[in-house]
>>> print(open('model_13.cif').read())   # mmCIF, C-alpha atoms
data_final
loop_
_atom_site.label_atom_id
_atom_site.label_comp_id
_atom_site.auth_asym_id
_atom_site.auth_seq_id
_atom_site.Cartn_x
_atom_site.Cartn_y
_atom_site.Cartn_z
CA ASP Y 1 -22.47 18.27 -9.11
CA VAL Y 2 -21.18 14.70 -9.05
CA LYS Y 3 -23.64 12.05 -8.10
CA VAL Y 4 -23.90 8.43 -7.04
CA THR Y 5 -27.50 7.35 -6.72
CA GLN Y 6 -28.76 4.24 -5.02
CA SER Y 7 -32.22 3.07 -6.00
CA SER Y 8 -33.70 2.77 -2.50
CA ARG Y 9 -33.06 4.41 0.86
CA TYR Y 10 -34.89 1.73 2.84
CA LEU Y 11 -35.85 -1.84 1.96
CA VAL Y 12 -37.53 -4.61 3.91
CA LYS Y 13 -37.28 -8.11 2.46
CA ARG Y 14 -38.15 -11.59 3.60
CA THR Y 15 -35.66 -14.37 4.25
CA GLY Y 16 -34.95 -16.32 1.09
CA GLU Y 17 -35.94 -13.54 -1.31
CA LYS Y 18 -33.62 -12.49 -4.14
CA VAL Y 19 -32.75 -8.83 -3.62
CA PHE Y 20 -31.38 -6.34 -6.12
CA LEU Y 21 -29.63 -3.13 -5.05
CA GLU Y 22 -28.96 -0.71 -7.88
CA CYS Y 23 -26.36 2.02 -8.11
CA VAL Y 24 -25.83 4.59 -10.85
CA GLN Y 25 -23.03 7.17 -11.18
CA ASP Y 26 -22.87 10.11 -13.57
CA MET Y 27 -19.14 10.79 -13.42
CA ASP Y 28 -17.92 8.31 -16.05
CA HIS Y 29 -15.85 6.59 -13.36
CA GLU Y 30 -14.06 3.34 -14.12
CA ASN Y 31 -14.22 1.93 -10.60
CA MET Y 32 -17.34 1.09 -8.64
CA PHE Y 33 -17.64 -0.50 -5.22
CA TRP Y 34 -20.19 -2.07 -2.90
CA TYR Y 35 -19.63 -1.87 0.86
CA ARG Y 36 -21.67 -2.76 3.86
CA GLN Y 37 -21.47 -0.84 7.11
CA ASP Y 38 -22.15 -2.48 10.45
CA PRO Y 39 -21.63 -1.03 13.95
CA GLY Y 40 -18.09 -1.59 15.17
CA LEU Y 41 -16.99 -3.12 11.88
CA GLY Y 42 -16.66 -0.05 9.70
CA LEU Y 43 -17.00 -0.28 5.93
CA ARG Y 44 -16.32 -3.72 4.55
CA LEU Y 45 -15.85 -4.26 0.82
CA ILE Y 46 -18.18 -6.81 -0.76
CA TYR Y 47 -17.29 -6.52 -4.46
CA PHE Y 48 -15.74 -3.99 -6.77
CA SER Y 49 -15.51 -3.49 -10.51
CA TYR Y 50 -12.80 -1.66 -12.44
CA ASP Y 51 -14.42 -1.95 -15.86
CA VAL Y 52 -17.62 -3.02 -17.56
CA LYS Y 53 -18.29 -6.73 -17.06
CA MET Y 54 -15.23 -6.97 -14.78
CA LYS Y 55 -15.63 -7.74 -11.09
CA GLU Y 56 -13.48 -8.74 -8.17
CA LYS Y 57 -14.35 -10.10 -4.76
CA GLY Y 58 -13.77 -7.95 -1.75
CA ASP Y 59 -13.44 -9.06 1.84
CA ILE Y 60 -16.97 -10.45 2.35
CA PRO Y 61 -18.42 -11.68 -1.00
CA GLU Y 62 -20.22 -14.74 0.35
CA GLY Y 63 -23.96 -14.61 -0.31
CA TYR Y 64 -23.61 -11.76 -2.82
CA SER Y 65 -23.06 -11.35 -6.52
CA VAL Y 66 -22.73 -8.28 -8.74
CA SER Y 67 -23.43 -7.19 -12.26
CA ARG Y 68 -21.92 -4.39 -14.33
CA GLU Y 69 -23.34 -4.38 -17.83
CA LYS Y 70 -22.91 -0.63 -18.36
CA LYS Y 71 -20.19 1.67 -17.11
CA GLU Y 72 -22.55 3.84 -15.07
CA ARG Y 73 -24.47 1.05 -13.31
CA PHE Y 74 -23.33 -1.47 -10.70
CA SER Y 75 -25.84 -3.85 -9.15
CA LEU Y 76 -25.51 -5.88 -5.98
CA ILE Y 77 -27.55 -9.07 -5.77
CA LEU Y 78 -28.38 -11.00 -2.64
CA GLU Y 79 -29.10 -14.45 -4.04
CA SER Y 80 -31.16 -15.62 -1.05
CA ALA Y 81 -31.49 -12.96 1.63
CA SER Y 82 -30.73 -13.92 5.20
CA THR Y 83 -31.18 -12.02 8.46
CA ASN Y 84 -27.41 -11.60 8.85
CA GLN Y 85 -27.46 -9.49 5.68
CA THR Y 86 -29.46 -6.81 7.46
CA SER Y 87 -27.15 -3.83 7.12
CA MET Y 88 -26.46 -0.44 5.54
CA TYR Y 89 -25.24 -0.93 1.97
CA LEU Y 90 -23.10 1.76 0.36
CA CYS Y 91 -22.17 2.12 -3.28
CA ALA Y 92 -19.18 4.21 -4.34
CA SER Y 93 -17.35 5.17 -7.50
CA SER Y 94 -13.94 6.61 -8.30
CA SER Y 95 -11.73 7.38 -11.25
CA GLY Y 96 -8.80 5.68 -9.54
CA VAL Y 97 -7.41 4.77 -6.13
CA ASN Y 98 -5.26 7.90 -5.90
CA THR Y 99 -8.31 10.12 -5.78
CA GLU Y 100 -11.42 10.21 -3.66
CA ALA Y 101 -14.34 7.83 -3.97
CA PHE Y 102 -17.84 9.28 -4.03
CA PHE Y 103 -20.58 7.51 -2.12
CA GLY Y 104 -24.27 7.14 -2.62
CA GLN Y 105 -26.74 7.91 0.15
CA GLY Y 106 -26.89 4.28 1.27
CA THR Y 107 -29.61 1.64 1.41
CA ARG Y 108 -30.76 0.42 4.80
CA LEU Y 109 -31.78 -3.19 4.17
CA THR Y 110 -33.72 -5.15 6.75
CA VAL Y 111 -34.25 -8.88 6.20
CA VAL Y 112 -37.06 -10.35 8.28
CA ASP M 1 -6.77 -8.77 9.09
CA GLN M 2 -7.63 -5.11 9.48
CA GLN M 3 -5.05 -3.09 7.54
CA VAL M 4 -6.42 0.27 8.66
CA LYS M 5 -7.25 0.74 12.32
CA GLN M 6 -9.03 3.41 14.28
CA ASN M 7 -8.56 2.41 17.90
CA SER M 8 -10.84 5.02 19.44
CA PRO M 9 -14.51 4.18 18.79
CA SER M 10 -15.64 7.52 20.20
CA LEU M 11 -14.42 10.99 21.14
CA SER M 12 -16.12 13.92 22.89
CA VAL M 13 -14.85 17.47 22.58
CA GLN M 14 -16.09 20.87 23.71
CA GLU M 15 -17.16 23.31 21.01
CA GLY M 16 -14.28 25.57 19.99
CA ARG M 17 -11.58 23.13 21.08
CA ILE M 18 -9.44 20.90 18.89
CA SER M 19 -10.58 17.43 17.84
CA ILE M 20 -7.85 14.92 17.02
CA LEU M 21 -8.81 11.67 15.36
CA ASN M 22 -6.19 9.00 14.88
CA CYS M 23 -5.64 6.22 12.38
CA ASP M 24 -2.95 3.54 12.03
CA TYR M 25 -2.16 1.32 9.08
CA THR M 26 -0.05 -1.77 8.58
CA ASN M 27 0.56 -1.97 4.83
CA SER M 28 3.68 -0.04 3.79
CA MET M 29 2.44 -0.06 0.18
CA PHE M 30 -0.33 2.41 1.02
CA ASP M 31 0.45 5.77 -0.56
CA TYR M 32 -2.84 7.65 -0.50
CA PHE M 33 -4.96 8.38 2.55
CA LEU M 34 -8.40 9.87 2.94
CA TRP M 35 -10.81 10.97 5.66
CA TYR M 36 -14.56 10.69 5.31
CA LYS M 37 -17.36 12.03 7.48
CA LYS M 38 -20.64 10.16 7.85
CA TYR M 39 -23.94 11.23 9.35
CA PRO M 40 -26.51 8.57 10.31
CA ALA M 41 -28.59 7.26 7.41
CA GLU M 42 -26.37 9.02 4.85
CA GLY M 43 -23.44 8.00 2.72
CA PRO M 44 -19.89 9.05 3.69
CA THR M 45 -18.71 12.37 2.31
CA PHE M 46 -15.10 13.04 1.44
CA LEU M 47 -13.29 15.48 3.73
CA ILE M 48 -9.60 15.63 2.97
CA SER M 49 -6.82 13.48 1.60
CA ILE M 50 -3.05 13.27 1.64
CA SER M 51 -0.49 11.65 -0.61
CA SER M 52 2.49 9.84 0.89
CA ILE M 53 4.84 12.42 -0.62
CA LYS M 54 3.48 14.96 1.86
CA ASP M 55 3.32 15.00 5.64
CA LYS M 56 0.59 17.60 6.02
CA ASN M 57 -2.44 18.81 4.11
CA GLU M 58 -4.75 21.58 5.24
CA ASP M 59 -8.23 22.61 4.14
CA GLY M 60 -9.91 25.25 6.25
CA ARG M 61 -10.55 23.88 9.73
CA PHE M 62 -9.32 20.41 8.74
CA THR M 63 -5.69 19.31 8.70
CA VAL M 64 -4.38 15.82 8.09
CA PHE M 65 -0.92 14.80 9.27
CA LEU M 66 0.92 11.75 7.99
CA ASN M 67 3.80 10.04 9.78
CA LYS M 68 5.02 7.38 7.37
CA SER M 69 7.67 5.93 9.66
CA ALA M 70 5.05 5.33 12.35
CA LYS M 71 2.37 4.34 9.81
CA HIS M 72 0.07 6.81 11.48
CA LEU M 73 -2.18 9.61 10.35
CA SER M 74 -4.35 12.03 12.23
CA LEU M 75 -7.13 14.47 11.45
CA HIS M 76 -7.23 17.74 13.35
CA ILE M 77 -10.39 19.85 13.43
CA VAL M 78 -9.94 23.37 14.77
CA PRO M 79 -12.15 24.85 16.06
CA SER M 80 -14.63 22.04 16.54
CA GLN M 81 -18.29 22.84 15.90
CA PRO M 82 -21.48 20.94 16.87
CA GLY M 83 -22.12 20.24 13.18
CA ASP M 84 -18.88 18.24 13.13
CA SER M 85 -20.55 15.56 15.25
CA ALA M 86 -20.47 12.48 13.01
CA VAL M 87 -18.59 9.25 12.44
CA TYR M 88 -15.19 9.74 10.82
CA PHE M 89 -13.57 7.03 8.73
CA CYS M 90 -10.01 6.96 7.55
CA ALA M 91 -9.15 5.06 4.39
CA ALA M 92 -6.01 4.08 2.52
CA SER M 93 -5.10 2.85 -0.92
CA ALA M 94 -2.08 1.80 -2.91
CA LEU M 95 -1.49 3.05 -6.44
CA SER M 96 -0.52 -0.50 -7.35
CA GLY M 97 -3.88 -1.76 -6.13
CA ASN M 98 -7.47 -1.01 -7.02
CA GLN M 99 -9.42 -0.68 -3.80
CA PHE M 100 -9.74 1.43 -0.68
CA TYR M 101 -9.32 0.03 2.82
CA PHE M 102 -11.38 1.62 5.56
CA GLY M 103 -10.99 1.81 9.31
CA THR M 104 -13.82 1.03 11.72
CA GLY M 105 -14.64 4.67 12.38
CA THR M 106 -14.55 7.12 15.28
CA SER M 107 -17.76 8.74 16.48
CA LEU M 108 -17.07 12.38 17.28
CA THR M 109 -19.42 14.34 19.54
CA VAL M 110 -18.88 18.08 19.81
CA ILE M 111 -20.56 19.42 22.93
CA PRO M 112 -22.02 22.95 22.66
#
>>> encode(input="model_13.cif", output="structure tokens")
Amino acid sequence: DVKVTQSSRYLVKRTGEKVFLECVQDMDHENMFWYRQDPGLGLRLIYFSYDVKMKEKGDIPEGYSVSREKKERFSLILESASTNQTSMYLCASSSGVNTEAFFGQGTRLTVV
Amino acid sequence: DQQVKQNSPSLSVQEGRISILNCDYTNSMFDYFLWYKKYPAEGPTFLISISSIKDKNEDGRFTVFLNKSAKHLSLHIVPSQPGDSAVYFCAASALSGNQFYFGTGTSLTVIP
């Protein structure tokens, strides 16, 4: 059974903290994605990676960075957490864009 | 600018009846379309997809229709069941690109 695993289901962090969200996939997929989901705004792409050490900005990269040192792992970093980054964060992977992406269970991040 | 639009934020349907969820897109380069289902506090799960070379794809109770000239797709669920109550996202991609574009979602409630 294919799997995308996010390290935490729920996180509470303080404003200004550096936050790491980890994602691991076991499908040997080339592409990995980080989205955030907010009510009324759908899924918005933060960053994606199509190969190890390669990354591209999505629609809302400001305040975030990513790291992909190994094919199976894609990390999202909030450099200095702010309250407007309180959201549901979703990691996904795919073997291409003409096939489905598989999502992790999501991380509900609250910044206080 | 939102390239994939779901103009109905919510939909209520009686159990056993048909649910029709709609999605419009603006980018004529999109050639692959997907529907995802999402329960609260979980990641989206893939439902069904369609390539632009087809106008219909069916999988059990779920059928997706694609009208390329109108840049419109729809998801039909027949018969609707209470367990279908969830948020449904449509997504699109272009083979020439490397990311998926999601709509804002439609919350479906199936009333027993």
>>> residues_near_point(input="model_13.cif", point="(-14.0, 4.5, -17.6)", cutoff="7 Å", atoms="all atoms listed in the file", output="PDB file with C-alpha atoms, in the coordinates of the input")
ATOM      1  CA  ASP Y  28     -17.920   8.310 -16.050  1.00  0.00           C
ATOM      2  CA  HIS Y  29     -15.850   6.590 -13.360  1.00  0.00           C
ATOM      3  CA  GLU Y  30     -14.060   3.340 -14.120  1.00  0.00           C
ATOM      4  CA  ASP Y  51     -14.420  -1.950 -15.860  1.00  0.00           C
ATOM      5  CA  LYS Y  71     -20.190   1.670 -17.110  1.00  0.00           C
TER       6      LYS Y  71
END
>>> closest_residue(input="model_13.cif", among="M:Arg61, M:Leu66, M:Thr109, M:Leu21", to="Ser49 (chain M)", atoms="only C-alpha atoms")
M:Leu66
>>> resolve_selection(input="model_13.cif", expression="the PyMOL selection byres ((chain Y) within 10 of (chain M))", output="ChimeraX atom specification")
/Y:4,9-10,31-33,37-45,47-50,56,58-59,88-92,94,96-108
>>> atom_distance(input="model_13.cif", atom1="CA of Cys23 (chain Y)", atom2="CA of Ser85 (chain M)")
27.6 Å
>>> residues_around(input="model_13.cif", residues="Ala70 (chain M)", least_positions_apart="4", cutoff="10 Å", atoms="all atoms listed in the file", output="PyMOL selection string")
chain M and resi 24-26+66
>>> residues_near_point(input="model_13.cif", point="(-22.1, -5.9, -16.5)", cutoff="12 Å", atoms="only C-alpha atoms", output="PDB file with C-alpha atoms, in the frame of the given file")
ATOM      1  CA  MET Y  32     -17.340   1.090  -8.640  1.00  0.00           C
ATOM      2  CA  PHE Y  48     -15.740  -3.990  -6.770  1.00  0.00           C
ATOM      3  CA  SER Y  49     -15.510  -3.490 -10.510  1.00  0.00           C
ATOM      4  CA  TYR Y  50     -12.800  -1.660 -12.440  1.00  0.00           C
ATOM      5  CA  ASP Y  51     -14.420  -1.950 -15.860  1.00  0.00           C
ATOM      6  CA  VAL Y  52     -17.620  -3.020 -17.560  1.00  0.00           C
ATOM      7  CA  LYS Y  53     -18.290  -6.730 -17.060  1.00  0.00           C
ATOM      8  CA  MET Y  54     -15.230  -6.970 -14.780  1.00  0.00           C
ATOM      9  CA  LYS Y  55     -15.630  -7.740 -11.090  1.00  0.00           C
ATOM     10  CA  SER Y  65     -23.060 -11.350  -6.520  1.00  0.00           C
ATOM     11  CA  VAL Y  66     -22.730  -8.280  -8.740  1.00  0.00           C
ATOM     12  CA  SER Y  67     -23.430  -7.190 -12.260  1.00  0.00           C
ATOM     13  CA  ARG Y  68     -21.920  -4.390 -14.330  1.00  0.00           C
ATOM     14  CA  GLU Y  69     -23.340  -4.380 -17.830  1.00  0.00           C
ATOM     15  CA  LYS Y  70     -22.910  -0.630 -18.360  1.00  0.00           C
ATOM     16  CA  LYS Y  71     -20.190   1.670 -17.110  1.00  0.00           C
ATOM     17  CA  GLU Y  72     -22.550   3.840 -15.070  1.00  0.00           C
ATOM     18  CA  ARG Y  73     -24.470   1.050 -13.310  1.00  0.00           C
ATOM     19  CA  PHE Y  74     -23.330  -1.470 -10.700  1.00  0.00           C
ATOM     20  CA  SER Y  75     -25.840  -3.850  -9.150  1.00  0.00           C
ATOM     21  CA  LEU Y  76     -25.510  -5.880  -5.980  1.00  0.00           C
TER      22      LEU Y  76
END
>>> residues_around(input="model_13.cif", residues="Val111 (chain Y)", least_positions_apart="6", cutoff="7 Å", atoms="only C-alpha atoms", output="list of chain:residue names")
Y:Val12, Y:Lys13, Y:Arg14, Y:Thr15, Y:Ala81, Y:Ser82, Y:Thr83, Y:Gln85, Y:Thr86
>>> atom_distance(input="model_13.cif", atom1="CA of Ser28 (chain M)", atom2="CA of Asn67 (chain M)")
11.7 Å
>>> resolve_selection(input="model_13.cif", expression="the PyMOL selection byres ((chain M and resi 18) around 8)", output="NGL selection string")
:M and (13 or 16-17 or 19-20 or 76-80)
>>> build_atoms(input="model_13.cif", residues="region 75-91 of chain M", atoms="N, CA and C atoms", output="CSV table (one decimal), in the frame of the given file")
chain,number,residue,atom,x,y,z
M,75,LEU,N,-6.3,13.4,12.0
M,75,LEU,CA,-7.1,14.5,11.4
M,75,LEU,C,-7.4,15.4,12.6
M,76,HIS,N,-7.0,16.7,12.4
M,76,HIS,CA,-7.2,17.7,13.4
M,76,HIS,C,-8.4,18.7,12.9
M,77,ILE,N,-9.3,18.9,13.8
M,77,ILE,CA,-10.4,19.8,13.4
M,77,ILE,C,-10.3,21.0,14.4
M,78,VAL,N,-10.1,22.2,13.9
M,78,VAL,CA,-9.9,23.4,14.8
M,78,VAL,C,-10.6,24.6,14.1
M,79,PRO,N,-11.5,25.3,14.8
M,79,PRO,CA,-12.2,24.8,16.1
M,79,PRO,C,-13.3,23.9,15.8
M,80,SER,N,-13.5,23.0,16.7
M,80,SER,CA,-14.6,22.0,16.5
M,80,SER,C,-16.0,22.7,16.7
M,81,GLN,N,-16.9,22.3,15.9
M,81,GLN,CA,-18.3,22.8,15.9
M,81,GLN,C,-19.3,21.7,16.1
M,82,PRO,N,-20.5,22.0,16.7
M,82,PRO,CA,-21.5,20.9,16.9
M,82,PRO,C,-21.8,20.2,15.6
M,83,GLY,N,-21.8,20.9,14.5
M,83,GLY,CA,-22.1,20.2,13.2
M,83,GLY,C,-21.1,19.2,12.7
M,84,ASP,N,-19.9,19.2,13.4
M,84,ASP,CA,-18.9,18.2,13.1
M,84,ASP,C,-19.2,16.9,13.8
M,85,SER,N,-20.2,16.8,14.6
M,85,SER,CA,-20.6,15.6,15.2
M,85,SER,C,-21.0,14.6,14.2
M,86,ALA,N,-20.3,13.5,14.1
M,86,ALA,CA,-20.5,12.5,13.0
M,86,ALA,C,-19.5,11.3,13.3
M,87,VAL,N,-19.6,10.3,12.4
M,87,VAL,CA,-18.6,9.2,12.4
M,87,VAL,C,-17.5,9.6,11.4
M,88,TYR,N,-16.3,9.5,11.7
M,88,TYR,CA,-15.2,9.7,10.8
M,88,TYR,C,-14.4,8.4,10.5
M,89,PHE,N,-14.3,8.2,9.2
M,89,PHE,CA,-13.6,7.0,8.7
M,89,PHE,C,-12.3,7.5,8.1
M,90,CYS,N,-11.2,6.8,8.4
M,90,CYS,CA,-10.0,7.0,7.6
M,90,CYS,C,-9.9,5.8,6.6
M,91,ALA,N,-9.3,6.1,5.4
M,91,ALA,CA,-9.2,5.1,4.4
M,91,ALA,C,-7.8,5.2,3.8
